[in-house]
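Trainee: upload33.txt is the file, holding compact mmCIF, C-alpha atoms:
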# COMPACT_ATOMS: atom_id res chain seq x y z
CA MET A 75 -52.68 14.83 -3.05
CA LYS A 76 -49.16 13.48 -2.65
CA ILE A 77 -46.53 14.90 -4.98
CA ALA A 78 -42.96 13.66 -5.26
CA LEU A 79 -40.18 15.82 -6.67
CA LEU A 80 -37.40 13.78 -8.14
CA SER A 81 -34.70 14.08 -10.75
CA GLY A 82 -32.47 11.13 -11.43
CA LYS A 83 -29.44 13.36 -11.70
CA GLY A 84 -28.33 15.11 -8.53
CA GLY A 85 -28.13 18.88 -8.37
CA THR A 86 -30.91 19.70 -10.81
CA GLY A 87 -32.93 21.66 -8.26
CA LYS A 88 -35.24 19.22 -6.47
CA THR A 89 -34.74 20.81 -3.10
CA ASN A 90 -34.85 24.38 -4.34
CA ILE A 91 -38.13 23.81 -6.12
CA SER A 92 -39.56 21.75 -3.21
CA VAL A 93 -38.89 24.40 -0.57
CA ASN A 94 -40.19 27.17 -2.79
CA LEU A 95 -43.35 25.24 -3.64
CA PHE A 96 -43.82 24.68 0.09
CA GLU A 97 -43.40 28.40 0.74
CA ASN A 98 -45.96 29.30 -1.93
CA LEU A 99 -48.63 26.76 -1.00
CA LYS A 100 -51.45 27.79 1.32
CA ASN A 101 -51.42 24.53 3.12
CA ALA A 102 -48.96 21.73 2.69
CA THR A 103 -46.59 19.39 4.43
CA LEU A 104 -43.05 18.92 3.15
CA ILE A 105 -40.84 15.92 3.80
CA ASP A 106 -37.18 15.73 2.80
CA THR A 107 -36.56 12.04 2.04
CA ASP A 108 -33.01 12.55 0.80
CA VAL A 109 -31.92 11.08 4.13
CA GLU A 110 -28.31 10.50 3.08
CA GLU A 111 -27.80 14.22 2.77
CA PRO A 112 -30.92 16.15 3.74
CA ASN A 113 -30.71 19.89 3.18
CA SER A 114 -34.25 21.29 2.89
CA HIS A 115 -34.09 22.36 6.54
CA LEU A 116 -31.31 24.82 5.73
CA TYR A 117 -33.90 27.09 4.10
CA PHE A 118 -36.15 27.40 7.13
CA ASP A 119 -35.99 28.83 10.58
CA THR A 120 -36.54 25.54 12.33
CA LYS A 121 -36.45 26.05 16.06
CA ILE A 122 -39.41 24.03 17.31
CA SER A 123 -38.45 20.47 16.81
CA LYS A 124 -39.47 16.98 17.77
CA THR A 125 -37.06 14.11 17.13
CA ILE A 126 -38.08 10.54 16.38
CA ASP A 127 -35.55 7.71 16.51
CA VAL A 128 -35.74 5.12 13.74
CA THR A 129 -34.28 1.74 14.62
CA LYS A 130 -33.63 -1.41 12.65
CA LYS A 131 -33.22 -5.02 13.65
CA TYR A 132 -29.93 -6.87 13.20
CA PRO A 133 -29.14 -10.50 13.96
CA ILE A 134 -27.46 -11.74 17.10
CA ILE A 135 -26.25 -15.32 17.26
CA ASP A 136 -26.65 -17.78 20.10
CA MET A 137 -23.33 -19.63 19.76
CA SER A 138 -24.53 -22.41 22.08
CA LYS A 139 -26.99 -23.40 19.33
CA CYS A 140 -25.00 -22.41 16.21
CA THR A 141 -23.36 -25.26 14.30
CA LEU A 142 -21.47 -22.93 11.91
CA CYS A 143 -23.33 -24.55 9.00
CA GLY A 144 -22.95 -21.36 6.98
CA LYS A 145 -26.51 -21.10 5.66
CA CYS A 146 -27.13 -17.60 7.04
CA GLY A 147 -23.97 -16.32 5.34
CA ASP A 148 -24.90 -17.91 2.02
CA PHE A 149 -28.36 -16.37 2.25
CA CYS A 150 -27.32 -12.79 3.09
CA ASN A 151 -27.12 -10.68 -0.06
CA PHE A 152 -25.18 -7.93 1.69
CA ASN A 153 -22.40 -9.90 3.44
CA ALA A 154 -23.67 -8.62 6.77
CA ILE A 155 -23.45 -12.01 8.46
CA ILE A 156 -20.34 -14.13 7.99
CA PRO A 157 -19.94 -17.55 9.63
CA THR A 158 -16.22 -18.17 10.21
CA LYS A 159 -14.28 -21.06 11.70
CA LYS A 160 -15.21 -20.44 15.31
CA LYS A 161 -17.89 -17.75 15.38
CA VAL A 162 -20.39 -15.87 13.28
CA ILE A 163 -19.56 -12.21 12.78
CA VAL A 164 -22.30 -9.69 12.14
CA PHE A 165 -21.75 -6.31 10.47
CA LYS A 166 -24.70 -4.31 11.82
CA ASP A 167 -24.25 -1.39 9.44
CA LEU A 168 -24.51 -3.62 6.37
CA CYS A 169 -27.69 -5.40 7.49
CA HIS A 170 -30.80 -4.53 5.44
CA GLU A 171 -33.15 -6.02 8.03
CA CYS A 172 -34.70 -8.63 5.74
CA LEU A 173 -34.70 -11.07 8.69
CA GLY A 174 -34.03 -13.91 6.24
CA CYS A 175 -31.05 -15.27 8.20
CA LYS A 176 -33.43 -16.35 10.96
CA ILE A 177 -35.65 -18.19 8.47
CA VAL A 178 -32.79 -20.22 6.98
CA CYS A 179 -31.26 -21.05 10.38
CA GLU A 180 -32.29 -24.62 11.20
CA GLU A 181 -30.84 -24.46 14.70
CA ASN A 182 -32.97 -21.48 15.72
CA ALA A 183 -29.80 -19.71 16.85
CA ILE A 184 -30.69 -16.28 15.51
CA SER A 185 -32.64 -13.55 17.29
CA PHE A 186 -32.67 -9.80 16.72
CA ASP A 187 -31.66 -6.67 18.52
CA ASP A 188 -32.39 -3.03 17.67
CA LYS A 189 -29.96 -0.41 16.48
CA LEU A 190 -30.41 3.24 15.61
CA THR A 191 -30.44 3.66 11.82
CA GLY A 192 -31.50 7.30 11.63
CA LYS A 193 -33.57 10.13 13.00
CA ILE A 194 -36.58 12.10 11.90
CA PHE A 195 -36.86 15.78 12.73
CA ASN A 196 -40.33 17.27 12.89
CA HIS A 197 -40.64 21.04 12.54
CA THR A 198 -43.33 23.63 12.15
CA VAL A 199 -42.72 26.35 9.57
CA ASP A 200 -45.38 29.10 9.21
CA ASN A 201 -47.97 26.77 10.73
CA LYS A 202 -47.10 24.13 8.17
CA GLN A 203 -45.44 20.85 8.99
CA PHE A 204 -41.96 20.06 7.71
CA LEU A 205 -40.09 16.83 8.41
CA TYR A 206 -36.78 15.44 7.33
CA GLY A 207 -34.87 12.24 7.90
CA ASP A 208 -31.17 11.85 8.60
CA LEU A 209 -29.38 8.53 8.15
CA GLU A 210 -26.79 7.52 10.74
CA VAL A 211 -23.20 7.55 9.47
CA GLY A 212 -22.15 4.11 8.24
CA GLU A 213 -25.69 2.82 7.66
CA VAL A 214 -26.23 1.48 4.15
CA SER A 215 -29.92 2.08 3.50
CA GLY A 216 -32.28 4.96 4.21
CA VAL A 217 -35.40 3.11 3.12
CA LYS A 218 -36.56 2.45 6.67
CA ILE A 219 -36.45 6.17 7.53
CA ILE A 220 -38.24 7.10 4.31
CA GLU A 221 -40.98 4.57 5.00
CA LYS A 222 -41.38 6.02 8.49
CA LEU A 223 -41.59 9.56 7.08
CA ARG A 224 -44.25 8.39 4.64
CA GLU A 225 -46.16 6.60 7.38
CA ILE A 226 -46.20 9.66 9.66
CA THR A 227 -47.52 11.86 6.82
CA LYS A 228 -49.87 9.36 5.17
CA ASP A 229 -53.01 11.34 6.03
CA GLU A 230 -51.71 14.76 4.93
CA ASN A 231 -53.89 16.53 2.43
CA ILE A 232 -51.15 18.11 0.36
CA LEU A 233 -47.81 16.37 0.76
CA LEU A 234 -44.63 17.43 -1.03
CA ILE A 235 -41.87 14.83 -1.08
CA ASP A 236 -38.34 16.02 -1.80
CA SER A 237 -36.89 12.74 -3.10
CA PRO A 238 -33.32 11.50 -3.22
CA PRO A 239 -31.55 11.50 -6.59
CA GLY A 240 -31.14 8.34 -8.62
CA THR A 241 -33.53 5.46 -9.17
CA SER A 242 -32.42 3.16 -6.36
CA CYS A 243 -34.45 1.68 -3.48
CA SER A 244 -34.61 4.97 -1.60
CA ALA A 245 -35.94 6.88 -4.63
CA VAL A 246 -38.52 4.16 -5.27
CA SER A 247 -39.74 4.20 -1.66
CA SER A 248 -40.03 8.00 -1.70
CA VAL A 249 -42.30 7.97 -4.78
CA SER A 250 -44.31 4.84 -4.11
CA GLU A 251 -48.05 5.49 -3.92
CA VAL A 252 -47.83 9.18 -4.74
CA ASP A 253 -50.50 10.74 -6.94
CA TYR A 254 -48.13 12.69 -9.13
CA ALA A 255 -44.42 13.20 -9.68
CA ILE A 256 -42.66 16.34 -10.79
CA VAL A 257 -39.38 15.46 -12.44
CA ILE A 258 -36.83 18.26 -12.26
CA ALA A 259 -34.45 17.94 -15.19
CA GLU A 260 -31.65 20.01 -16.63
CA PRO A 261 -30.98 20.28 -20.36
CA THR A 262 -27.56 18.61 -20.34
CA PRO A 263 -26.64 15.22 -21.83
CA PHE A 264 -26.18 13.84 -18.30
CA GLY A 265 -29.51 15.34 -17.25
CA VAL A 266 -31.32 13.74 -20.19
CA SER A 267 -29.67 10.37 -19.58
CA ASP A 268 -30.83 10.30 -15.96
CA LEU A 269 -34.25 11.69 -16.88
CA LYS A 270 -34.75 8.64 -19.09
CA MET A 271 -34.04 6.36 -16.13
CA VAL A 272 -36.56 8.20 -13.94
CA VAL A 273 -39.19 8.07 -16.69
CA THR A 274 -38.69 4.30 -17.01
CA MET A 275 -39.06 3.92 -13.25
CA LEU A 276 -42.20 6.08 -13.00
CA ARG A 277 -43.87 4.30 -15.92
CA ASP A 278 -42.95 0.98 -14.36
CA ILE A 279 -44.77 1.84 -11.14
CA ASN A 280 -47.61 3.65 -12.90
CA ILE A 281 -47.16 7.14 -11.52
CA PRO A 282 -48.32 10.08 -13.65
CA PHE A 283 -45.70 12.79 -14.02
CA GLY A 284 -44.60 15.94 -15.76
CA VAL A 285 -41.23 17.59 -16.20
CA VAL A 286 -39.89 20.95 -15.03
CA ILE A 287 -36.78 21.99 -16.92
CA ASN A 288 -34.51 23.88 -14.55
CA LYS A 289 -31.41 25.83 -15.63
CA ALA A 290 -33.21 26.14 -18.95
CA PHE A 291 -31.68 27.76 -22.04
CA THR A 292 -28.29 26.26 -21.24
CA GLY A 293 -27.01 22.93 -22.56
CA SER A 294 -28.62 21.43 -25.64
CA LYS A 295 -32.05 20.87 -27.20
CA GLU A 296 -31.89 17.12 -26.76
CA ILE A 297 -34.24 17.19 -23.76
CA TYR A 298 -37.00 18.97 -25.72
CA ASP A 299 -36.81 16.42 -28.52
CA TYR A 300 -37.01 13.65 -25.95
CA LEU A 301 -40.09 15.12 -24.23
CA VAL A 302 -41.90 15.52 -27.55
CA CYS A 303 -40.88 12.08 -28.73
CA GLU A 304 -42.08 10.46 -25.49
CA ASN A 305 -45.20 12.63 -25.24
CA ILE A 306 -44.24 13.90 -21.77
CA GLU A 307 -45.82 17.06 -20.37
CA LEU A 308 -43.48 20.01 -19.91
CA ILE A 309 -44.89 21.75 -16.85
CA GLU A 310 -42.57 24.73 -16.69
CA GLU A 311 -39.13 26.01 -17.60
CA ILE A 312 -36.98 27.96 -15.18
CA LYS A 313 -34.04 29.83 -16.62
CA PHE A 314 -30.50 29.49 -15.36
CA ASP A 315 -29.45 32.55 -13.38
CA LYS A 316 -26.34 32.88 -11.27
CA GLU A 317 -28.26 35.14 -8.90
CA PHE A 318 -30.56 32.19 -8.03
CA ALA A 319 -27.50 30.22 -6.99
CA ASN A 320 -26.34 33.14 -4.83
CA ILE A 321 -29.70 33.43 -3.09
CA SER A 322 -29.98 29.69 -2.53
CA GLY A 323 -26.37 29.50 -1.41
CA SER A 324 -27.06 32.00 1.35
CA GLY A 325 -29.92 29.82 2.62
CA GLU A 326 -32.75 32.01 1.35
CA LEU A 327 -35.82 31.09 -0.63
CA ILE A 328 -35.45 32.30 -4.22
CA SER A 329 -39.18 33.02 -4.59
CA LYS A 330 -38.90 35.59 -1.80
CA LYS A 331 -36.27 37.52 -3.77
CA SER A 332 -37.16 36.99 -7.41
CA VAL A 333 -40.53 37.84 -8.95
CA TYR A 334 -39.66 35.72 -11.99
CA PHE A 335 -38.95 32.65 -9.87
CA LYS A 336 -42.05 33.18 -7.72
CA GLU A 337 -44.23 33.29 -10.83
CA LYS A 338 -42.67 30.10 -12.12
CA ILE A 339 -43.30 28.33 -8.80
CA GLN A 340 -46.90 29.57 -8.67
CA ASN A 341 -47.40 28.38 -12.24
CA ILE A 342 -46.27 24.91 -11.25
CA ILE A 343 -48.77 24.94 -8.37
CA ARG A 344 -51.57 26.11 -10.71
CA LYS A 345 -50.80 23.44 -13.29
CA VAL A 346 -50.36 20.54 -10.89
CA LEU A 347 -52.87 21.41 -8.16
CA GLY A 348 -54.98 24.38 -9.20
CA ASP A 349 -55.33 28.14 -8.64
CA GLU A 350 -56.88 27.87 -5.21
CA TYR A 351 -53.77 26.31 -3.70
CA VAL A 352 -51.48 29.30 -4.31
CA SER A 353 -50.83 31.22 -1.09
CA MET B 210 0.63 -23.39 3.70
CA LYS B 211 -1.11 -21.16 1.17
CA ILE B 212 -0.18 -17.51 0.81
CA ALA B 213 -2.41 -15.20 -1.22
CA VAL B 214 -1.45 -11.87 -2.80
CA THR B 215 -3.94 -9.27 -4.06
CA SER B 216 -3.29 -8.97 -7.78
CA VAL B 217 -4.37 -7.13 -10.89
CA GLY B 218 -3.79 -10.18 -13.11
CA LYS B 219 -3.77 -13.97 -12.95
CA THR B 220 -0.05 -14.61 -12.69
CA GLU B 221 2.73 -13.97 -10.21
CA GLN B 222 4.32 -11.62 -12.78
CA ASP B 223 1.34 -9.26 -12.95
CA ALA B 224 1.07 -6.12 -10.86
CA VAL B 225 -0.07 -6.38 -7.26
CA SER B 226 -3.43 -4.77 -6.53
CA GLU B 227 -3.57 -1.80 -4.22
CA ARG B 228 -7.18 -2.70 -3.43
CA PHE B 229 -7.92 -5.57 -1.10
CA ALA B 230 -11.62 -6.37 -1.35
CA ARG B 231 -11.97 -5.26 -4.93
CA CYS B 232 -8.79 -6.67 -6.46
CA ASN B 233 -9.26 -8.73 -9.65
CA TYR B 234 -7.48 -11.88 -8.50
CA PHE B 235 -5.83 -13.48 -5.55
CA VAL B 236 -2.61 -15.08 -6.73
CA ILE B 237 -2.00 -17.99 -4.36
CA TYR B 238 1.38 -19.57 -3.61
CA ASP B 239 1.40 -23.04 -2.13
CA SER B 240 4.58 -23.39 -0.03
CA GLU B 241 4.38 -27.19 -0.16
CA THR B 242 4.04 -27.68 -3.91
CA LEU B 243 5.83 -24.37 -4.75
CA VAL B 244 3.12 -23.71 -7.34
CA PHE B 245 1.34 -20.44 -8.09
CA SER B 246 -2.33 -20.41 -8.95
CA ALA B 247 -5.00 -17.71 -9.21
CA VAL B 248 -8.52 -17.31 -7.85
CA GLU B 249 -10.86 -14.76 -9.33
CA ASN B 250 -12.13 -12.36 -6.67
CA ILE B 251 -15.86 -12.42 -7.24
CA ALA B 252 -16.32 -10.27 -4.11
CA LYS B 253 -15.30 -7.22 -6.13
CA GLU B 254 -18.77 -7.13 -7.70
CA GLU B 255 -20.51 -6.80 -4.34
CA GLY B 256 -22.41 -3.62 -3.58
CA SER B 257 -21.52 -3.77 0.07
CA GLY B 258 -19.45 -5.98 2.34
CA ALA B 259 -16.93 -6.82 -0.36
CA GLY B 260 -14.14 -7.07 2.22
CA ASN B 261 -16.01 -9.66 4.25
CA LYS B 262 -16.77 -11.75 1.21
CA ALA B 263 -13.20 -11.52 -0.09
CA VAL B 264 -11.99 -12.92 3.22
CA LYS B 265 -14.51 -15.76 2.92
CA ILE B 266 -13.10 -16.58 -0.53
CA LEU B 267 -9.59 -16.71 0.92
CA SER B 268 -10.78 -19.02 3.69
CA ASP B 269 -12.60 -21.28 1.22
CA ASN B 270 -9.31 -21.59 -0.64
CA GLU B 271 -7.50 -22.58 2.57
CA VAL B 272 -5.35 -19.47 2.57
CA SER B 273 -3.75 -18.77 5.94
CA ILE B 274 -1.68 -15.72 5.01
CA VAL B 275 -2.50 -12.84 2.70
CA LEU B 276 -0.15 -10.15 1.45
CA GLY B 277 -1.95 -6.98 0.51
CA PRO B 278 -2.48 -3.27 0.99
CA LYS B 279 -3.76 -1.81 4.24
CA VAL B 280 -7.35 -2.84 4.91
CA GLY B 281 -10.46 -1.44 6.56
CA PRO B 282 -12.02 -2.40 9.90
CA ASN B 283 -14.59 -4.86 8.48
CA ALA B 284 -12.04 -6.82 6.47
CA LEU B 285 -9.64 -6.89 9.41
CA GLU B 286 -12.34 -8.21 11.73
CA ALA B 287 -13.26 -10.90 9.20
CA LEU B 288 -9.59 -11.85 8.66
CA ASP B 289 -9.18 -12.23 12.40
CA ALA B 290 -12.30 -14.39 12.71
CA PHE B 291 -11.15 -16.64 9.87
CA GLU B 292 -7.67 -16.79 11.45
CA ILE B 293 -5.97 -15.39 8.37
CA LYS B 294 -2.96 -13.15 8.93
CA ILE B 295 -2.42 -10.13 6.69
CA TYR B 296 0.95 -8.59 5.88
CA ASP B 297 1.47 -5.19 4.27
CA PHE B 298 3.24 -5.83 0.92
CA LYS B 299 4.51 -2.23 0.93
CA ASN B 300 6.45 -1.60 -2.29
CA ALA B 301 6.29 -5.06 -3.86
CA LYS B 302 5.59 -4.75 -7.58
CA THR B 303 4.36 -8.26 -8.36
CA PRO B 304 2.88 -11.15 -6.36
CA GLN B 305 6.18 -12.94 -6.82
CA ASP B 306 8.07 -9.96 -5.31
CA ALA B 307 5.67 -9.93 -2.39
CA ILE B 308 6.13 -13.66 -1.76
CA TYR B 309 9.95 -13.31 -1.83
CA GLN B 310 9.75 -10.42 0.60
CA TYR B 311 7.44 -12.37 2.88
CA LEU B 312 9.69 -15.43 2.84
CA GLY B 313 12.66 -13.12 3.50
CA LYS B 314 10.75 -11.87 6.58
CA GLU B 315 10.77 -8.32 5.26
CA LEU B 316 7.03 -7.72 5.67
CA GLU B 317 5.07 -6.63 8.73
CA THR B 318 1.64 -7.80 9.85
CA ILE B 319 -1.26 -5.36 9.75
CA THR B 320 -3.05 -5.13 13.08
CA THR B 321 -4.84 -1.79 12.87
CA PRO B 322 -7.34 -0.86 10.15
CA VAL B 323 -7.05 2.19 7.95
CA LYS B 324 -9.33 4.92 9.17
CA ASN B 325 -12.89 4.62 7.93
CA LYS B 326 -13.41 7.85 5.99
CA HIS B 327 -17.11 7.83 6.79
CA LYS B 328 -16.73 7.69 10.56
In structure tokens, what does this structure look like?

Mentor:
Amino acid sequence: MKIALLSGKGGTGKTNISVNLFENLKNATLIDTDVEEPNSHLYFDTKISKTIDVTKKYPIIDMSKCTLCGKCGDFCNFNAIIPTKKKVIVFKDLCHECLGCKIVCEENAISFDDKLTGKIFNHTVDNKQFLYGDLEVGEVSGVKIIEKLREITKDENILLIDSPPGTSCSAVSSVSEVDYAIVIAEPTPFGVSDLKMVVTMLRDINIPFGVVINKAFTGSKEIYDYLVCENIELIEEIKFDKEFANISGSGELISKKSVYFKEKIQNIIRKVLGDEYVS
Amino acid sequence: MKIAVTSVGKTEQDAVSERFARCNYFVIYDSETLVFSAVENIAKEEGSGAGNKAVKILSDNEVSIVLGPKVGPNALEALDAFEIKIYDFKNAKTPQDAIYQYLGKELETITTPVKNKHK
């Protein structure tokens, strides 16, 4: 079973809940797909490591064939290839690797070269596998790294996916083809607004989901009304506690220090997966 | 010769824009007809590569000189490739001010990009 943890709004607790679920599962693999700013690894003692380079293709122009017709530039949605008066300039970082410029080039002047777009780090934590991706500085899209992470872990029995915030391409690729999504939401107006966007996205791509309200009993009741109104399952509520922030801030797993938190995490496992999966 | 100025509004009396790629308009002065006109900068809506596209717009409008704020490495590379010179308009308040200062040879060309904060 593949389970994505996502939130819409940043900072609601995706990573905290992901790493604690991972800790409390008998057997599971965790991937951190928030490749723009991965941080799950900060919670683990990750010494044994294997690194995988992820490359992307970007266009190079054969100026002996190019007629500066401008079609590649008109085609590129990301302004990564710009035909000028005397040459065609390519901005490698901006390229999304659609390879479309080659298709529209009638002179066959375009070929491709590889460039590093990010890295994947493969660790073992308590005999369980943990991987995270890290996007190169300046690169515009982490989708390629996320797809690679998903490909590497496609045969895992229990896979936890710590997703990026938002509902953009990278969030979509991190949740695509999962069996279930756990949406971590906070009971603030901003949290509810972004929750609605995530719900729209998940319904659009037909992924069953439930909601965990984190930092509960703060903010307003709006989120509860919304869940009832939309008939969305409330999996669990985790109270706001400054001590949790202190524990997390010092790089420790909250479920190792708080009985309350551990119970909440185990409850989530029981509800989503079943009793037998709790470590 | 056409000289463009990054501008908040459509006329030479509006405020200059401190943003290059995402300014609202380029106010363009034609030194042959002595007429000001304005081009909307549609590049400002781009998710990425706005600087490159803004330079393309300038080139399409036959601009050979642009007066603006300091620019980033991508925009500077594109300006160079399109053979458009950029001058720092420093403390000019309006496009008209900037043009006067340029014609009075008070402005300096920009040859090094502002530091990319992400690198």

Trainee: May I have the residues within 9 Å of Lys302 in chain B as number ranges by chain, using all atoms listed in the file and disregarding those fewer than 4 positions away in the same chain?

Mentor: B: 222-225, 298, 306-307

Trainee: Provide as JSON, numbers by chain the residues of chain B at most 12 Å from chain A, counting only C-alpha atoms.

Mentor: {"B": [252, 254, 255, 256, 257, 258, 259, 260, 261, 262, 263, 264, 265, 266, 267, 268, 269, 271, 282, 283, 284, 285, 286, 287, 288, 289, 290, 291, 292, 293, 325, 326, 327, 328]}

Trainee: Which residues are close to Gly218 in chain B, i.e. within 12 Å by only C-alpha atoms, leaving aside same-chain residues fewer than 2 positions away? Reply as a list in words.

Mentor: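 Result of the neighbour search: Val214, Thr215, Ser216, Thr220, Glu221, Gln222, Asp223, Ala224, Val225, Ser226, Cys232, Asn233, Tyr234, Phe235, Val236, Ile237, Ser246, Ala247, Val248, Glu249, Asn250, Thr303 and Pro304 of chain B.
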
Trainee: Could you take the residues named above and write them with C-alpha atoms, as a PDB file, in the frame of the given file?

Mentor:
ATOM      1  CA  VAL B 214      -1.450 -11.870  -2.800  1.00  0.00           C
ATOM      2  CA  THR B 215      -3.940  -9.270  -4.060  1.00  0.00           C
ATOM      3  CA  SER B 216      -3.290  -8.970  -7.780  1.00  0.00           C
ATOM      4  CA  THR B 220      -0.050 -14.610 -12.690  1.00  0.00           C
ATOM      5  CA  GLU B 221       2.730 -13.970 -10.210  1.00  0.00           C
ATOM      6  CA  GLN B 222       4.320 -11.620 -12.780  1.00  0.00           C
ATOM      7  CA  ASP B 223       1.340  -9.260 -12.950  1.00  0.00           C
ATOM      8  CA  ALA B 224       1.070  -6.120 -10.860  1.00  0.00           C
ATOM      9  CA  VAL B 225      -0.070  -6.380  -7.260  1.00  0.00           C
ATOM     10  CA  SER B 226      -3.430  -4.770  -6.530  1.00  0.00           C
ATOM     11  CA  CYS B 232      -8.790  -6.670  -6.460  1.00  0.00           C
ATOM     12  CA  ASN B 233      -9.260  -8.730  -9.650  1.00  0.00           C
ATOM     13  CA  TYR B 234      -7.480 -11.880  -8.500  1.00  0.00           C
ATOM     14  CA  PHE B 235      -5.830 -13.480  -5.550  1.00  0.00           C
ATOM     15  CA  VAL B 236      -2.610 -15.080  -6.730  1.00  0.00           C
ATOM     16  CA  ILE B 237      -2.000 -17.990  -4.360  1.00  0.00           C
ATOM     17  CA  SER B 246      -2.330 -20.410  -8.950  1.00  0.00           C
ATOM     18  CA  ALA B 247      -5.000 -17.710  -9.210  1.00  0.00           C
ATOM     19  CA  VAL B 248      -8.520 -17.310  -7.850  1.00  0.00           C
ATOM     20  CA  GLU B 249     -10.860 -14.760  -9.330  1.00  0.00           C
ATOM     21  CA  ASN B 250     -12.130 -12.360  -6.670  1.00  0.00           C
ATOM     22  CA  THR B 303       4.360  -8.260  -8.360  1.00  0.00           C
ATOM     23  CA  PRO B 304       2.880 -11.150  -6.360  1.00  0.00           C
TER      24      PRO B 304
END

Trainee: Select, from B:Arg228, B:Tyr311, B:Val323, B:Ile212, the residue with the minimum atom-to-atom distance to Leu243 in chain B, counting only C-alpha atoms.

Mentor: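 Among the listed residues, the smallest separation from Leu243 in chain B belongs to B:Ile212.
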
Trainee: Work out how far CA of Lys253 in chain B is from CA of Gln305 in chain B, in Å to one decimal.

Mentor: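 Going from CA of Gln305 in chain B over to CA of Lys253 in chain B covers 22.2 Å.
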
Trainee: Complete the atoms of range 221-237 of chain B to N, CA and C atoms and put them out as a PDB file, keeping the file's coordinate frame.

Mentor:
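To be explicit, this is the file written out as out37.pdb:
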ATOM      1  N   GLU B 221       1.824 -14.544 -11.201  1.00  0.00           N
ATOM      2  CA  GLU B 221       2.730 -13.970 -10.210  1.00  0.00           C
ATOM      3  C   GLU B 221       3.585 -12.837 -10.785  1.00  0.00           C
ATOM      4  N   GLN B 222       3.546 -12.696 -12.132  1.00  0.00           N
ATOM      5  CA  GLN B 222       4.320 -11.620 -12.780  1.00  0.00           C
ATOM      6  C   GLN B 222       3.485 -10.367 -13.018  1.00  0.00           C
ATOM      7  N   ASP B 223       2.190 -10.448 -12.763  1.00  0.00           N
ATOM      8  CA  ASP B 223       1.340  -9.260 -12.950  1.00  0.00           C
ATOM      9  C   ASP B 223       1.558  -8.272 -11.812  1.00  0.00           C
ATOM     10  N   ALA B 224       0.918  -7.121 -11.918  1.00  0.00           N
ATOM     11  CA  ALA B 224       1.070  -6.120 -10.860  1.00  0.00           C
ATOM     12  C   ALA B 224       0.229  -6.490  -9.649  1.00  0.00           C
ATOM     13  N   VAL B 225       0.746  -6.170  -8.463  1.00  0.00           N
ATOM     14  CA  VAL B 225      -0.070  -6.380  -7.260  1.00  0.00           C
ATOM     15  C   VAL B 225      -1.209  -5.366  -7.284  1.00  0.00           C
ATOM     16  N   SER B 226      -2.300  -5.696  -6.591  1.00  0.00           N
ATOM     17  CA  SER B 226      -3.430  -4.770  -6.530  1.00  0.00           C
ATOM     18  C   SER B 226      -3.380  -3.973  -5.242  1.00  0.00           C
ATOM     19  N   GLU B 227      -3.558  -2.674  -5.398  1.00  0.00           N
ATOM     20  CA  GLU B 227      -3.570  -1.800  -4.220  1.00  0.00           C
ATOM     21  C   GLU B 227      -4.930  -1.814  -3.524  1.00  0.00           C
ATOM     22  N   ARG B 228      -5.865  -2.595  -4.064  1.00  0.00           N
ATOM     23  CA  ARG B 228      -7.180  -2.700  -3.430  1.00  0.00           C
ATOM     24  C   ARG B 228      -7.318  -4.117  -2.906  1.00  0.00           C
ATOM     25  N   PHE B 229      -7.784  -4.232  -1.694  1.00  0.00           N
ATOM     26  CA  PHE B 229      -7.920  -5.570  -1.100  1.00  0.00           C
ATOM     27  C   PHE B 229      -9.215  -6.249  -1.553  1.00  0.00           C
ATOM     28  N   ALA B 230     -10.339  -5.697  -1.105  1.00  0.00           N
ATOM     29  CA  ALA B 230     -11.620  -6.370  -1.350  1.00  0.00           C
ATOM     30  C   ALA B 230     -12.014  -6.369  -2.807  1.00  0.00           C
ATOM     31  N   ARG B 231     -11.552  -5.382  -3.541  1.00  0.00           N
ATOM     32  CA  ARG B 231     -11.970  -5.260  -4.930  1.00  0.00           C
ATOM     33  C   ARG B 231     -10.811  -5.468  -5.918  1.00  0.00           C
ATOM     34  N   CYS B 232      -9.854  -6.299  -5.516  1.00  0.00           N
ATOM     35  CA  CYS B 232      -8.790  -6.670  -6.460  1.00  0.00           C
ATOM     36  C   CYS B 232      -9.389  -7.661  -7.463  1.00  0.00           C
ATOM     37  N   ASN B 233      -8.733  -7.812  -8.632  1.00  0.00           N
ATOM     38  CA  ASN B 233      -9.260  -8.730  -9.650  1.00  0.00           C
ATOM     39  C   ASN B 233      -9.051 -10.194  -9.271  1.00  0.00           C
ATOM     40  N   TYR B 234      -7.831 -10.486  -8.805  1.00  0.00           N
ATOM     41  CA  TYR B 234      -7.480 -11.880  -8.500  1.00  0.00           C
ATOM     42  C   TYR B 234      -6.714 -11.968  -7.195  1.00  0.00           C
ATOM     43  N   PHE B 235      -6.785 -13.132  -6.592  1.00  0.00           N
ATOM     44  CA  PHE B 235      -5.830 -13.480  -5.550  1.00  0.00           C
ATOM     45  C   PHE B 235      -4.877 -14.497  -6.182  1.00  0.00           C
ATOM     46  N   VAL B 236      -3.598 -14.123  -6.262  1.00  0.00           N
ATOM     47  CA  VAL B 236      -2.610 -15.080  -6.730  1.00  0.00           C
ATOM     48  C   VAL B 236      -2.142 -15.850  -5.496  1.00  0.00           C
ATOM     49  N   ILE B 237      -2.264 -17.166  -5.548  1.00  0.00           N
ATOM     50  CA  ILE B 237      -2.000 -17.990  -4.360  1.00  0.00           C
ATOM     51  C   ILE B 237      -0.750 -18.855  -4.560  1.00  0.00           C
TER      52      ILE B 237
END
